[in-house]
file final.txt (compact mmCIF, C-alpha atoms and all ligand atoms)
# COMPACT_ATOMS: atom_id res chain seq x y z
CA MET A 14 6.39 -5.43 26.05
CA ARG A 15 9.59 -6.98 27.29
CA LEU A 16 12.42 -8.15 25.06
CA HIS A 17 14.87 -11.00 25.55
CA GLU A 18 17.65 -11.81 23.09
CA LEU A 19 18.48 -15.52 22.92
CA ASN A 20 21.07 -17.66 21.19
CA CYS A 21 19.11 -20.67 19.95
CA GLY A 22 21.96 -22.46 18.18
CA THR A 23 25.72 -22.17 18.27
CA LEU A 24 27.39 -22.72 14.89
CA ARG A 25 31.05 -23.42 14.33
CA PRO A 26 31.70 -23.20 10.58
CA PRO A 27 35.32 -23.01 9.41
CA GLY A 28 36.92 -19.86 10.75
CA GLY A 29 34.39 -18.66 13.28
CA ARG A 30 31.80 -19.06 15.99
CA LEU A 31 28.30 -17.89 15.16
CA VAL A 32 25.08 -17.65 17.13
CA CYS A 33 21.43 -18.00 16.05
CA ARG A 34 19.87 -14.85 17.46
CA VAL A 35 16.21 -15.22 18.43
CA LEU A 36 14.10 -12.46 19.93
CA LEU A 37 11.61 -13.40 22.64
CA LEU A 38 8.93 -10.82 23.40
CA GLU A 39 6.58 -10.77 26.35
CA VAL A 40 3.42 -9.10 25.07
CA GLY A 41 1.00 -9.06 27.97
CA ALA A 42 0.33 -12.70 28.80
CA ARG A 43 1.48 -13.87 25.36
CA LEU A 44 4.95 -14.69 24.09
CA VAL A 45 6.20 -13.93 20.57
CA LEU A 46 9.34 -15.26 18.91
CA VAL A 47 11.31 -13.75 16.04
CA ASP A 48 12.90 -16.84 14.49
CA ALA A 49 13.07 -20.12 16.39
CA GLY A 50 16.60 -21.54 16.00
CA PHE A 51 17.02 -25.28 16.25
CA GLY A 52 14.27 -27.31 17.86
CA ARG A 53 14.30 -30.01 20.50
CA ALA A 54 13.78 -32.77 17.92
CA ASP A 55 16.77 -31.47 15.92
CA VAL A 56 18.96 -31.83 18.99
CA THR A 57 17.82 -35.38 19.80
CA ASP A 58 17.86 -36.49 16.14
CA PRO A 59 20.34 -34.35 14.14
CA ARG A 60 19.57 -36.37 10.99
CA ARG A 61 16.53 -34.09 10.67
CA LEU A 62 18.93 -31.34 9.60
CA GLY A 63 20.52 -33.18 6.68
CA PRO A 64 24.04 -32.47 5.39
CA MET A 65 23.82 -28.69 6.02
CA ARG A 66 24.35 -29.51 9.69
CA TRP A 67 27.98 -30.32 8.90
CA LEU A 68 28.54 -27.23 6.75
CA LEU A 69 27.18 -25.00 9.52
CA GLY A 70 29.00 -26.83 12.31
CA ALA A 71 25.81 -26.95 14.41
CA ALA A 72 26.66 -27.61 18.06
CA LEU A 73 23.08 -28.67 19.01
CA ASP A 74 22.85 -28.01 22.74
CA PRO A 75 19.42 -28.83 24.26
CA ALA A 76 19.83 -25.88 26.66
CA GLU A 77 19.98 -23.50 23.68
CA THR A 78 16.54 -24.34 22.26
CA ALA A 79 13.94 -21.58 22.57
CA HIS A 80 11.66 -23.99 24.43
CA ALA A 81 14.33 -24.66 27.07
CA GLN A 82 15.23 -20.98 27.47
CA ILE A 83 11.59 -19.91 27.82
CA THR A 84 11.12 -22.56 30.53
CA GLU A 85 14.39 -21.56 32.21
CA ARG A 86 13.06 -17.99 32.53
CA GLY A 87 9.99 -19.25 34.35
CA LEU A 88 7.76 -18.57 31.34
CA ASP A 89 5.27 -20.96 29.73
CA PRO A 90 6.14 -22.30 26.23
CA SER A 91 2.43 -22.86 25.56
CA ALA A 92 2.00 -19.07 25.80
CA VAL A 93 3.89 -18.60 22.51
CA SER A 94 1.13 -17.28 20.27
CA ASP A 95 3.20 -16.28 17.24
CA VAL A 96 6.54 -17.06 15.64
CA VAL A 97 7.69 -14.56 13.01
CA LEU A 98 10.33 -16.02 10.70
CA THR A 99 12.94 -14.01 8.82
CA HIS A 100 13.16 -17.05 6.51
CA GLY A 101 12.81 -20.81 6.49
CA ASP A 102 16.41 -22.02 6.73
CA LEU A 103 16.97 -25.01 9.00
CA ASP A 104 18.79 -22.95 11.64
CA HIS A 105 15.89 -20.49 11.90
CA ALA A 106 12.77 -22.64 11.56
CA GLY A 107 13.70 -25.84 13.40
CA GLY A 108 12.15 -24.62 16.64
CA ILE A 109 8.64 -23.98 15.28
CA ALA A 110 7.71 -27.63 15.94
CA ASP A 111 8.12 -26.95 19.67
CA PHE A 112 5.24 -24.45 19.56
CA PRO A 113 2.49 -26.23 17.59
CA GLN A 114 -0.17 -23.86 18.92
CA ALA A 115 1.57 -20.77 17.51
CA ARG A 116 0.78 -18.94 14.31
CA VAL A 117 3.86 -18.93 12.04
CA HIS A 118 4.34 -15.77 9.99
CA LEU A 119 6.56 -15.50 6.92
CA LEU A 120 6.53 -13.96 3.47
CA ALA A 121 4.53 -15.94 0.89
CA ALA A 122 7.56 -15.99 -1.46
CA GLU A 123 9.58 -17.79 1.20
CA HIS A 124 6.86 -20.36 1.78
CA ALA A 125 6.68 -20.97 -1.99
CA ALA A 126 10.43 -21.69 -2.00
CA ILE A 127 10.11 -24.01 1.00
CA THR A 128 7.30 -26.04 -0.54
CA GLY A 129 8.72 -25.98 -4.09
CA PRO A 130 12.50 -25.79 -3.78
CA ARG A 131 14.37 -25.01 -6.97
CA GLY A 132 17.90 -26.31 -7.25
CA HIS A 133 20.32 -27.97 -4.91
CA ARG A 134 20.76 -25.03 -2.53
CA GLU A 135 17.04 -24.72 -1.73
CA ARG A 136 16.67 -28.47 -1.35
CA LEU A 137 19.46 -28.48 1.23
CA ARG A 138 18.50 -25.42 3.26
CA TYR A 139 14.83 -26.19 3.88
CA ARG A 140 13.84 -29.30 5.85
CA SER A 141 10.38 -30.78 5.35
CA GLU A 142 10.66 -32.28 8.85
CA HIS A 143 10.35 -28.78 10.31
CA TRP A 144 6.94 -28.27 8.68
CA ALA A 145 5.52 -31.78 9.13
CA HIS A 146 3.43 -30.80 12.16
CA ASP A 147 1.23 -28.68 9.87
CA PRO A 148 1.83 -25.29 11.53
CA ARG A 149 -0.79 -22.54 11.56
CA LEU A 150 0.74 -20.53 8.73
CA VAL A 151 0.09 -16.84 8.16
CA LEU A 152 1.60 -15.92 4.80
CA HIS A 153 2.24 -12.26 4.02
CA ARG A 154 2.74 -10.41 0.76
CA PRO A 155 4.85 -7.23 0.75
CA GLY A 156 2.75 -4.28 1.85
CA ARG A 157 2.45 -0.84 0.31
CA GLY A 158 4.00 0.88 3.27
CA THR A 159 7.56 2.02 3.81
CA LEU A 160 9.28 1.73 7.15
CA LEU A 161 12.67 3.27 7.89
CA GLY A 162 12.97 3.88 4.15
CA LEU A 163 12.56 0.18 3.38
CA PRO A 164 9.66 -0.63 1.01
CA GLY A 165 7.08 -3.39 1.32
CA ALA A 166 6.64 -3.22 5.11
CA VAL A 167 3.88 -5.42 6.52
CA ASP A 168 2.22 -4.18 9.70
CA LEU A 169 2.21 -6.93 12.36
CA SER A 170 0.91 -4.75 15.19
CA ASP A 171 -1.64 -7.45 15.99
CA VAL A 172 1.30 -9.72 16.86
CA ALA A 173 3.28 -7.14 18.88
CA PRO A 174 2.86 -3.36 19.17
CA GLY A 175 4.70 -1.62 16.34
CA MET A 176 6.12 -4.81 14.81
CA HIS A 177 6.67 -4.89 11.03
CA LEU A 178 7.92 -7.52 8.61
CA VAL A 179 10.21 -5.87 6.04
CA PRO A 180 11.28 -7.68 2.85
CA LEU A 181 15.10 -7.98 2.67
CA PRO A 182 15.53 -10.47 -0.20
CA GLY A 183 18.65 -12.12 -1.55
CA HIS A 184 19.81 -14.58 1.09
CA THR A 185 16.64 -16.52 0.28
CA ALA A 186 13.78 -15.80 -2.10
CA GLY A 187 11.45 -14.46 0.57
CA HIS A 188 13.85 -13.32 3.26
CA ALA A 189 12.62 -10.53 5.54
CA GLY A 190 13.72 -8.45 8.49
CA VAL A 191 11.61 -7.76 11.56
CA ALA A 192 11.42 -4.22 12.96
CA LEU A 193 10.05 -3.39 16.37
CA PRO A 194 10.27 -0.60 18.93
CA ASP A 195 13.52 -0.97 20.84
CA PRO A 196 13.15 -0.90 24.62
CA THR A 197 16.23 1.33 24.73
CA GLY A 198 14.66 3.79 22.31
CA GLY A 199 14.21 4.08 18.55
CA TRP A 200 13.81 0.93 16.51
CA LEU A 201 15.39 -2.49 16.57
CA LEU A 202 15.73 -4.12 13.14
CA HIS A 203 16.54 -7.83 13.18
CA ALA A 204 17.95 -8.22 9.69
CA GLY A 205 18.19 -12.01 9.82
CA ASP A 206 20.75 -13.30 7.33
CA ALA A 207 20.74 -10.18 5.14
CA ALA A 208 24.25 -9.80 6.58
CA HIS A 209 26.24 -12.50 8.32
CA SER A 210 28.15 -9.92 10.30
CA ALA A 211 27.37 -6.41 11.44
CA ARG A 212 30.85 -5.73 10.08
CA THR A 213 29.44 -6.17 6.58
CA LEU A 214 27.19 -3.19 7.19
CA SER A 215 29.64 -1.12 9.19
CA PRO A 216 33.13 -1.55 7.78
CA THR A 217 34.66 1.30 9.75
CA THR A 218 33.02 0.72 13.12
CA VAL A 219 35.34 -0.18 15.96
CA ARG A 220 34.14 -2.78 18.41
CA SER A 221 35.08 -6.13 19.85
CA ASP A 222 32.74 -9.04 20.20
CA SER A 223 32.23 -12.05 22.42
CA THR A 224 34.07 -14.34 20.01
CA GLY A 225 37.25 -12.54 20.96
CA GLU A 226 37.59 -11.16 17.46
CA SER A 227 38.63 -7.54 17.34
CA HIS A 228 36.53 -5.58 14.90
CA GLY A 229 37.52 -2.31 13.34
CA ARG A 230 40.60 -0.17 13.15
CA ALA A 231 43.69 -2.26 12.70
CA ALA A 232 46.46 -2.19 15.28
CA GLY A 233 49.10 -2.64 12.61
CA PRO A 234 49.72 -3.90 9.08
CA PHE A 235 49.37 -7.58 10.03
CA ALA A 236 46.13 -6.92 11.91
CA SER A 237 44.92 -5.10 8.81
CA VAL A 238 45.65 -8.13 6.65
CA ALA A 239 43.88 -10.36 9.19
CA GLY A 240 40.85 -8.07 9.05
CA LEU A 241 40.78 -8.19 5.25
CA LEU A 242 40.99 -11.98 5.31
CA ARG A 243 38.17 -12.17 7.85
CA ASP A 244 36.02 -9.85 5.73
CA ALA A 245 36.76 -11.98 2.67
CA GLY A 246 35.71 -15.09 4.57
CA ILE A 247 32.43 -13.50 5.67
CA ALA A 248 31.74 -12.28 2.13
CA ALA A 249 32.46 -15.74 0.71
CA ARG A 250 30.13 -17.42 3.22
CA GLN A 251 27.37 -14.94 2.42
CA ALA A 252 27.78 -15.52 -1.31
CA VAL A 253 27.81 -19.32 -1.02
CA LEU A 254 24.59 -19.33 0.98
CA ALA A 255 22.77 -16.60 -0.98
CA GLN A 256 19.99 -17.57 -3.34
CA ASP A 257 20.52 -14.37 -5.36
CA VAL A 258 23.85 -12.62 -4.78
CA PRO A 259 23.12 -9.34 -6.67
CA LEU A 260 19.81 -9.03 -4.81
CA LEU A 261 21.59 -9.63 -1.50
CA ARG A 262 24.13 -6.90 -2.34
CA SER A 263 21.27 -4.52 -3.15
CA THR A 264 19.62 -5.31 0.20
CA GLN A 265 22.92 -4.73 2.01
CA ARG A 266 23.36 -1.34 0.31
CA ARG A 267 19.89 -0.36 1.54
CA LEU A 268 20.79 -1.38 5.08
CA LEU A 269 24.08 0.53 4.91
CA ALA A 270 22.16 3.62 3.76
CA LEU A 271 19.65 3.13 6.57
CA ARG A 272 22.43 2.89 9.11
CA SER A 273 24.01 6.18 8.04
CA ARG A 274 20.61 7.89 7.68
CA GLU A 275 19.15 6.70 10.99
CA PRO A 276 21.93 5.98 13.51
CA SER A 277 19.33 5.49 16.26
CA VAL A 278 18.14 2.27 14.58
CA ARG A 279 19.74 -0.73 16.28
CA LEU A 280 20.58 -3.13 13.49
CA THR A 281 21.17 -6.71 14.53
CA THR A 282 21.67 -9.92 12.58
CA SER A 283 21.09 -13.61 13.21
CA HIS A 284 24.60 -14.93 13.31
CA ASP A 285 26.91 -12.16 14.48
CA ALA A 286 27.95 -12.93 18.04
CA ALA A 287 28.50 -9.21 18.60
CA ALA A 288 25.26 -7.80 19.94
CA GLU A 289 25.24 -4.07 19.51
CA ARG A 290 24.07 -2.29 22.63
CA PRO A 291 22.69 -5.53 24.08
CA VAL A 292 19.37 -5.10 25.77
CA ASP A 293 19.20 -5.45 29.51
CA PRO A 294 15.90 -7.30 30.11
CA ALA A 295 15.34 -5.05 33.11
CA LEU A 296 15.04 -2.13 30.69
CA GLY A 297 12.66 -3.93 28.43
CA THR A 298 9.43 -2.05 28.75
CA VAL A 299 7.95 -0.28 25.75
CA HIS A 300 4.86 1.85 26.10
CA ALA A 301 4.39 3.05 22.52
CA PRO A 302 6.02 2.55 19.13
CA PRO A 303 8.41 5.36 18.19
CA ARG A 304 6.32 6.87 15.43
CA ARG A 305 9.00 9.46 14.72
CA LEU A 306 10.74 7.10 12.33
CA MET A 307 7.65 5.99 10.43
CA LEU A 308 8.38 7.31 6.94
ZN ZN K 1 21.02 -18.46 9.08
call {"tool": "encode", "arguments": {"input": "final.txt", "output": "structure tokens"}}
result
Amino acid sequence: MRLHELNCGTLRPPGGRLVCRVLLLEVGARLVLVDAGFGRADVTDPRRLGPMRWLLGAALDPAETAHAQITERGLDPSAVSDVVLTHGDLDHAGGIADFPQARVHLLAAEHAAITGPRGHRERLRYRSEHWAHDPRLVLHRPGRGTLLGLPGAVDLSDVAPGMHLVPLPGHTAGHAGVALPDPTGGWLLHAGDAAHSARTLSPTTVRSDSTGESHGRAAGPFASVAGLLRDAGIAARQAVLAQDVPLLRSTQRRLLALRSREPSVRLTTSHDAAAERPVDPALGTVHAPPRRLML
């Protein structure tokens, strides 16, 4: 199994530059996507995205679509057998229309919200255009298993060796993370929009990211104030977009606990431009899932 990390949609909301992180897995002759970013039709006809496009500041570059990046790597888009969605938001599901042959996996609760949106927020975030091609849906209910201390894990080993869908609700009704063996060792957990910044889950970590923002220990009192303001902005954005804020906070506390309990787990999110320990594709071969962390 070989792992590529893609940005399938640059976003420029007020105060920041975000990415739409998509995982591309080579599983034998098949390809598997975790999330799909914006699709080709979204780029050519942005009206498909509705008014949320403006709130997100979607840049919509055709070269950033998953379809284009798969082709650019010399791979065949028709080999995409499965797309596993963290949730159905427009910036995550737009690309599924570019892979009509693929099975599309998501939690049943998320699909229920997509097909029966309640309230203004759900009507804005989900776009019926993205589902109009009648995708081959595979709806999952939370399982009985626990993975990495997170309950409700669904085994998707038939999609990719060791892959699990893990409910992480709050951002949307049926939001989930996707865990898989990390080519660099341990586990990789793509936590989707459970946190809009790794900083949310690691307030004391020192790092800098590709946006040029300096994360972590302040260089002085003014830098400290700037950091607090940035954190407040991230928290506000998370709250505005969350379907259930207390549930999101509960999910984030679980992820914080996981991070301190299992530092070998690489936790990544959809929109943080700072990729922790980014994977070199040349390293991306996994022979067996790391069972050590199966709890
Ligand atoms: Zn998102």
call {"tool": "residues_around", "arguments": {"input": "final.txt", "residues": "range 76-79 of chain A", "least_positions_apart": "6", "cutoff": "7 Å", "atoms": "all atoms listed in the file", "output": "mmCIF file with C-alpha atoms, keeping the file's coordinate frame"}}
result
data_model
loop_
_atom_site.group_PDB
_atom_site.id
_atom_site.type_symbol
_atom_site.label_atom_id
_atom_site.label_comp_id
_atom_site.auth_asym_id
_atom_site.auth_seq_id
_atom_site.Cartn_x
_atom_site.Cartn_y
_atom_site.Cartn_z
ATOM 1 C CA ASN A 20 21.070 -17.660 21.190
ATOM 2 C CA CYS A 21 19.110 -20.670 19.950
ATOM 3 C CA GLY A 22 21.960 -22.460 18.180
ATOM 4 C CA ALA A 49 13.070 -20.120 16.390
ATOM 5 C CA GLY A 50 16.600 -21.540 16.000
ATOM 6 C CA PHE A 51 17.020 -25.280 16.250
ATOM 7 C CA GLY A 52 14.270 -27.310 17.860
ATOM 8 C CA ARG A 53 14.300 -30.010 20.500
ATOM 9 C CA GLY A 108 12.150 -24.620 16.640
#
call {"tool": "closest_residue", "arguments": {"input": "final.txt", "among": "A:Ala207, A:Asp147, A:Val32, A:Asp95", "to": "Leu19 in chain A", "atoms": "all atoms listed in the file"}}
result
A:Val32
call {"tool": "closest_atom_pairs", "arguments": {"input": "final.txt", "of": "chain A", "to": "ligand ZN 1 (chain K)", "cutoff": "8 Å", "atoms": "only C-alpha atoms and all ligand atoms", "output": "tab-separated table"}}
result
residue	atom	partner	partner_atom	distance
A:Cys33	CA	K:ZN1	ZN	7.0
A:Asp102	CA	K:ZN1	ZN	6.3
A:Leu103	CA	K:ZN1	ZN	7.7
A:Asp104	CA	K:ZN1	ZN	5.6
A:His105	CA	K:ZN1	ZN	6.2
A:Gly205	CA	K:ZN1	ZN	7.1
A:Asp206	CA	K:ZN1	ZN	5.5
A:His209	CA	K:ZN1	ZN	8.0
A:Ser283	CA	K:ZN1	ZN	6.4
A:His284	CA	K:ZN1	ZN	6.6
call {"tool": "closest_residue", "arguments": {"input": "final.txt", "among": "A:Ala245, A:Ala110, A:Leu152, A:Leu68", "to": "Ala54 in chain A", "atoms": "only C-alpha atoms"}}
result
A:Ala110
call {"tool": "closest_residue", "arguments": {"input": "final.txt", "among": "A:Arg272, A:Arg267, A:Arg131, A:His17", "to": "Thr185 in chain A", "atoms": "all atoms listed in the file"}}
result
A:Arg131
call {"tool": "closest_residue", "arguments": {"input": "final.txt", "among": "A:Arg266, A:Arg30, A:His203, A:Arg136", "to": "Met65 in chain A", "atoms": "all atoms listed in the file"}}
result
A:Arg136
call {"tool": "residues_around", "arguments": {"input": "final.txt", "residues": "Leu261 in chain A", "least_positions_apart": "6", "cutoff": "9 Å", "atoms": "all atoms listed in the file", "output": "PyMOL selection string"}}
result
chain A and resi 181-185+207-208+251-252+255
call {"tool": "closest_residue", "arguments": {"input": "final.txt", "among": "A:Arg138, A:His100, A:His188, A:His118", "to": "Asp168 in chain A", "atoms": "all atoms listed in the file"}}
result
A:His118
call {"tool": "residues_around", "arguments": {"input": "final.txt", "residues": "Leu31 in chain A", "least_positions_apart": "3", "cutoff": "8 Å", "atoms": "only C-alpha atoms", "output": "ChimeraX atom specification"}}
result
/A:23-26,284-286
call {"tool": "atom_distance", "arguments": {"input": "final.txt", "atom1": "CA of Pro196 in chain A", "atom2": "CA of Leu16 in chain A"}}
result
7.3 Å
call {"tool": "decode", "arguments": {"input": "final.txt", "residues": "range 118-145 of chain A", "atoms": "N, CA and C atoms", "output": "PDB file, in the first residue's frame"}}
result
ATOM      1  N   HIS A 118     -18.178   5.396   0.761  1.00  0.00           N
ATOM      2  CA  HIS A 118     -18.437   4.962   2.139  1.00  0.00           C
ATOM      3  C   HIS A 118     -18.634   6.186   3.039  1.00  0.00           C
ATOM      4  N   LEU A 119     -19.633   6.128   3.896  1.00  0.00           N
ATOM      5  CA  LEU A 119     -19.805   7.146   4.922  1.00  0.00           C
ATOM      6  C   LEU A 119     -20.726   6.594   6.002  1.00  0.00           C
ATOM      7  N   LEU A 120     -20.762   7.270   7.147  1.00  0.00           N
ATOM      8  CA  LEU A 120     -21.657   6.821   8.201  1.00  0.00           C
ATOM      9  C   LEU A 120     -23.101   7.091   7.790  1.00  0.00           C
ATOM     10  N   ALA A 121     -23.994   6.170   8.183  1.00  0.00           N
ATOM     11  CA  ALA A 121     -25.414   6.301   7.819  1.00  0.00           C
ATOM     12  C   ALA A 121     -26.005   7.599   8.377  1.00  0.00           C
ATOM     13  N   ALA A 122     -25.559   8.022   9.561  1.00  0.00           N
ATOM     14  CA  ALA A 122     -26.086   9.255  10.161  1.00  0.00           C
ATOM     15  C   ALA A 122     -25.757  10.471   9.294  1.00  0.00           C
ATOM     16  N   GLU A 123     -24.597  10.431   8.649  1.00  0.00           N
ATOM     17  CA  GLU A 123     -24.212  11.548   7.785  1.00  0.00           C
ATOM     18  C   GLU A 123     -25.079  11.549   6.529  1.00  0.00           C
ATOM     19  N   HIS A 124     -25.305  10.375   5.985  1.00  0.00           N
ATOM     20  CA  HIS A 124     -26.141  10.295   4.784  1.00  0.00           C
ATOM     21  C   HIS A 124     -27.560  10.759   5.086  1.00  0.00           C
ATOM     22  N   ALA A 125     -28.060  10.430   6.295  1.00  0.00           N
ATOM     23  CA  ALA A 125     -29.409  10.873   6.673  1.00  0.00           C
ATOM     24  C   ALA A 125     -29.470  12.405   6.726  1.00  0.00           C
ATOM     25  N   ALA A 126     -28.396  13.028   7.206  1.00  0.00           N
ATOM     26  CA  ALA A 126     -28.358  14.500   7.265  1.00  0.00           C
ATOM     27  C   ALA A 126     -28.275  15.100   5.862  1.00  0.00           C
ATOM     28  N   ILE A 127     -27.543  14.441   4.981  1.00  0.00           N
ATOM     29  CA  ILE A 127     -27.389  14.943   3.612  1.00  0.00           C
ATOM     30  C   ILE A 127     -28.726  14.887   2.870  1.00  0.00           C
ATOM     31  N   THR A 128     -29.441  13.794   3.048  1.00  0.00           N
ATOM     32  CA  THR A 128     -30.691  13.605   2.301  1.00  0.00           C
ATOM     33  C   THR A 128     -31.886  14.278   2.991  1.00  0.00           C
ATOM     34  N   GLY A 129     -31.749  14.576   4.293  1.00  0.00           N
ATOM     35  CA  GLY A 129     -32.839  15.248   5.005  1.00  0.00           C
ATOM     36  C   GLY A 129     -32.302  16.355   5.873  1.00  0.00           C
ATOM     37  N   PRO A 130     -31.709  17.383   5.261  1.00  0.00           N
ATOM     38  CA  PRO A 130     -31.063  18.434   6.063  1.00  0.00           C
ATOM     39  C   PRO A 130     -32.053  19.150   6.985  1.00  0.00           C
ATOM     40  N   ARG A 131     -31.576  19.375   8.204  1.00  0.00           N
ATOM     41  CA  ARG A 131     -32.389  20.091   9.190  1.00  0.00           C
ATOM     42  C   ARG A 131     -31.737  21.442   9.444  1.00  0.00           C
ATOM     43  N   GLY A 132     -32.461  22.500   9.174  1.00  0.00           N
ATOM     44  CA  GLY A 132     -31.935  23.826   9.476  1.00  0.00           C
ATOM     45  C   GLY A 132     -31.058  24.390   8.373  1.00  0.00           C
ATOM     46  N   HIS A 133     -30.779  25.675   8.553  1.00  0.00           N
ATOM     47  CA  HIS A 133     -30.077  26.444   7.524  1.00  0.00           C
ATOM     48  C   HIS A 133     -28.669  25.912   7.289  1.00  0.00           C
ATOM     49  N   ARG A 134     -27.966  25.574   8.387  1.00  0.00           N
ATOM     50  CA  ARG A 134     -26.569  25.171   8.256  1.00  0.00           C
ATOM     51  C   ARG A 134     -26.440  23.912   7.401  1.00  0.00           C
ATOM     52  N   GLU A 135     -27.296  22.926   7.659  1.00  0.00           N
ATOM     53  CA  GLU A 135     -27.208  21.675   6.873  1.00  0.00           C
ATOM     54  C   GLU A 135     -27.653  21.898   5.431  1.00  0.00           C
ATOM     55  N   ARG A 136     -28.586  22.796   5.227  1.00  0.00           N
ATOM     56  CA  ARG A 136     -29.010  23.047   3.834  1.00  0.00           C
ATOM     57  C   ARG A 136     -27.914  23.743   3.034  1.00  0.00           C
ATOM     58  N   LEU A 137     -27.059  24.503   3.725  1.00  0.00           N
ATOM     59  CA  LEU A 137     -25.972  25.191   3.020  1.00  0.00           C
ATOM     60  C   LEU A 137     -24.772  24.278   2.768  1.00  0.00           C
ATOM     61  N   ARG A 138     -24.479  23.400   3.725  1.00  0.00           N
ATOM     62  CA  ARG A 138     -23.200  22.678   3.643  1.00  0.00           C
ATOM     63  C   ARG A 138     -23.231  21.496   2.681  1.00  0.00           C
ATOM     64  N   TYR A 139     -24.419  20.897   2.516  1.00  0.00           N
ATOM     65  CA  TYR A 139     -24.521  19.742   1.621  1.00  0.00           C
ATOM     66  C   TYR A 139     -25.102  20.202   0.282  1.00  0.00           C
ATOM     67  N   ARG A 140     -24.559  19.682  -0.813  1.00  0.00           N
ATOM     68  CA  ARG A 140     -25.005  20.091  -2.144  1.00  0.00           C
ATOM     69  C   ARG A 140     -25.570  18.881  -2.881  1.00  0.00           C
ATOM     70  N   SER A 141     -26.830  18.942  -3.225  1.00  0.00           N
ATOM     71  CA  SER A 141     -27.470  17.804  -3.909  1.00  0.00           C
ATOM     72  C   SER A 141     -26.783  17.506  -5.237  1.00  0.00           C
ATOM     73  N   GLU A 142     -26.174  18.539  -5.840  1.00  0.00           N
ATOM     74  CA  GLU A 142     -25.463  18.338  -7.115  1.00  0.00           C
ATOM     75  C   GLU A 142     -24.362  17.268  -6.990  1.00  0.00           C
ATOM     76  N   HIS A 143     -23.759  17.187  -5.802  1.00  0.00           N
ATOM     77  CA  HIS A 143     -22.651  16.250  -5.617  1.00  0.00           C
ATOM     78  C   HIS A 143     -23.104  14.792  -5.584  1.00  0.00           C
ATOM     79  N   TRP A 144     -24.398  14.583  -5.382  1.00  0.00           N
ATOM     80  CA  TRP A 144     -24.928  13.224  -5.227  1.00  0.00           C
ATOM     81  C   TRP A 144     -25.840  12.856  -6.388  1.00  0.00           C
ATOM     82  N   ALA A 145     -25.973  13.748  -7.370  1.00  0.00           N
ATOM     83  CA  ALA A 145     -26.946  13.566  -8.446  1.00  0.00           C
ATOM     84  C   ALA A 145     -26.580  12.430  -9.393  1.00  0.00           C
TER      85      ALA A 145
END
